[in-house]
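Q: Sharing start20.tsv below, TSV, C-alpha atoms:
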```
chain	number	residue	atom	x	y	z
A	1015	MET	CA	6.72	-2.10	12.49
A	1016	PHE	CA	4.56	0.99	11.97
A	1017	SER	CA	3.39	2.52	15.23
A	1018	GLY	CA	2.08	5.90	14.04
A	1019	LEU	CA	-1.44	7.21	13.63
A	1020	VAL	CA	-3.94	5.54	11.33
A	1021	LYS	CA	-5.03	8.26	8.91
A	1022	ASN	CA	-7.04	6.22	6.45
A	1023	ILE	CA	-8.42	2.76	5.78
A	1024	GLY	CA	-8.45	1.39	2.25
A	1025	VAL	CA	-9.61	-1.66	0.34
A	1026	VAL	CA	-7.23	-3.90	-1.60
A	1027	GLU	CA	-8.28	-3.75	-5.25
A	1028	SER	CA	-5.58	-6.00	-6.63
A	1029	PHE	CA	-2.27	-7.63	-5.79
A	1030	SER	CA	0.19	-8.87	-8.35
A	1031	GLY	CA	3.90	-9.51	-8.18
A	1032	GLU	CA	5.60	-6.51	-6.64
A	1033	ALA	CA	2.61	-4.14	-6.47
A	1034	ILE	CA	-0.58	-3.76	-4.50
A	1035	ALA	CA	-3.46	-1.47	-5.52
A	1036	ILE	CA	-5.48	0.18	-2.75
A	1037	ARG	CA	-8.79	2.04	-3.15
A	1038	SER	CA	-8.81	4.89	-0.65
A	1039	SER	CA	-9.55	8.58	-0.21
A	1040	LEU	CA	-5.84	8.99	0.63
A	1041	ARG	CA	-3.94	10.77	-2.14
A	1042	PRO	CA	-0.26	10.01	-1.46
A	1043	GLN	CA	2.50	11.66	-3.43
A	1044	ILE	CA	4.56	9.33	-5.60
A	1045	GLY	CA	7.45	8.15	-3.45
A	1046	ALA	CA	5.53	8.57	-0.18
A	1047	SER	CA	5.96	5.90	2.48
A	1048	ILE	CA	2.64	4.16	3.25
A	1049	ALA	CA	2.21	1.56	5.99
A	1050	ILE	CA	0.00	-1.35	4.96
A	1051	ASN	CA	-0.74	-3.86	7.72
A	1052	GLY	CA	2.33	-2.55	9.53
A	1053	VAL	CA	4.67	-2.94	6.57
A	1054	CYS	CA	6.15	0.20	5.00
A	1055	THR	CA	5.60	0.43	1.25
A	1056	THR	CA	6.26	3.12	-1.34
A	1057	ALA	CA	3.54	4.78	-3.43
A	1058	ILE	CA	4.39	4.31	-7.11
A	1059	ALA	CA	1.22	5.44	-8.93
A	1060	LEU	CA	-2.04	7.31	-8.33
A	1061	ASN	CA	-5.15	6.99	-10.50
A	1062	GLY	CA	-8.35	8.53	-9.14
A	1063	ASP	CA	-9.15	6.90	-5.82
A	1064	ILE	CA	-6.67	4.04	-6.31
A	1065	PHE	CA	-2.98	4.17	-5.50
A	1066	ARG	CA	-0.41	1.49	-6.20
A	1067	ALA	CA	2.43	0.66	-3.83
A	1068	HIS	CA	5.62	-1.30	-4.43
A	1069	LEU	CA	6.10	-4.41	-2.30
A	1070	SER	CA	9.68	-5.58	-1.85
A	1071	LYS	CA	10.31	-9.29	-1.37
A	1072	GLU	CA	10.73	-8.70	2.36
A	1073	ALA	CA	7.42	-6.81	2.49
A	1074	ARG	CA	5.66	-9.64	0.64
A	1075	ASP	CA	7.14	-12.12	3.12
A	1076	CYS	CA	6.01	-10.09	6.15
A	1077	ILE	CA	2.62	-8.62	5.22
A	1078	ALA	CA	-0.65	-10.40	6.00
A	1079	LEU	CA	-2.18	-10.79	2.54
A	1080	GLU	CA	-5.16	-13.00	3.43
```
What does this structure look like when you write it as structure tokens?
A:
Amino acid sequence: MFSGLVKNIGVVESFSGEAIAIRSSLRPQIGASIAINGVCTTAIALNGDIFRAHLSKEARDCIALE
């Protein structure tokens, strides 16, 4: 579980399959580890103020999506 500092708060734009899109002022580098609701994810794309993160099966099982 993530126990570091909260640096940014984002809004979920979309969720499908193995990816989640977050609208945020955070500009992560591709491959960066991003904690979402305490679950570590990996940034896989950046487009303007939206970044996409990969969600493994374990992450999907553990993260609060509602």
Q: Compile the contact shell of Ala1073 in chain A as a ChimeraX atom specification: residues with an atom at most 7 Å away, counting all atoms listed in the file, same-chain residues fewer than 4 positions apart removed.
A: /A:1053,1069,1077
Q: Skip range 1019-1036 of chain A itself and residues of its chain fewer than 4 positions away, then list as a ChimeraX atom specification all residues within 6 Å of it, counting only C-alpha atoms.
A: /A:1064-1069
Q: Would you compute the distance between CA of Glu1072 in chain A and CA of Leu1040 in chain A? Give it in Å to one decimal.
A: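 About the pair CA of Glu1072 in chain A and CA of Leu1040 in chain A: they are 24.3 Å apart.
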Q: With all atoms of range 1040-1050 of chain A from the file as input, state the centre and edge lengths in Å to one decimal of the axis-aligned box that has 6 Å extra on each side, as lines of an AutoDock Vina configuration file.
A:
```
center_x = 0.8
center_y = 5.2
center_z = 0.2
size_x = 25.3
size_y = 25.0
size_z = 23.6
```
Q: Pick out the residues sitting within 10 Å of Gly1062 in chain A, and hand them over as a ChimeraX atom specification; count only C-alpha atoms, and ignore anything fewer than 6 positions along from it in its own chain.
A: /A:1037-1039,1041
Q: Do you have the CA of Cys1076 in chain A-CA of Ser1047 in chain A distance handy?
A: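 Distance between the two atoms: 16.4 Å.
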Q: Find the distance between CA of Pro1042 in chain A and CA of Ile1058 in chain A and write it in Å to one decimal.
A: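 Here the two named atoms are 9.3 Å from each other.
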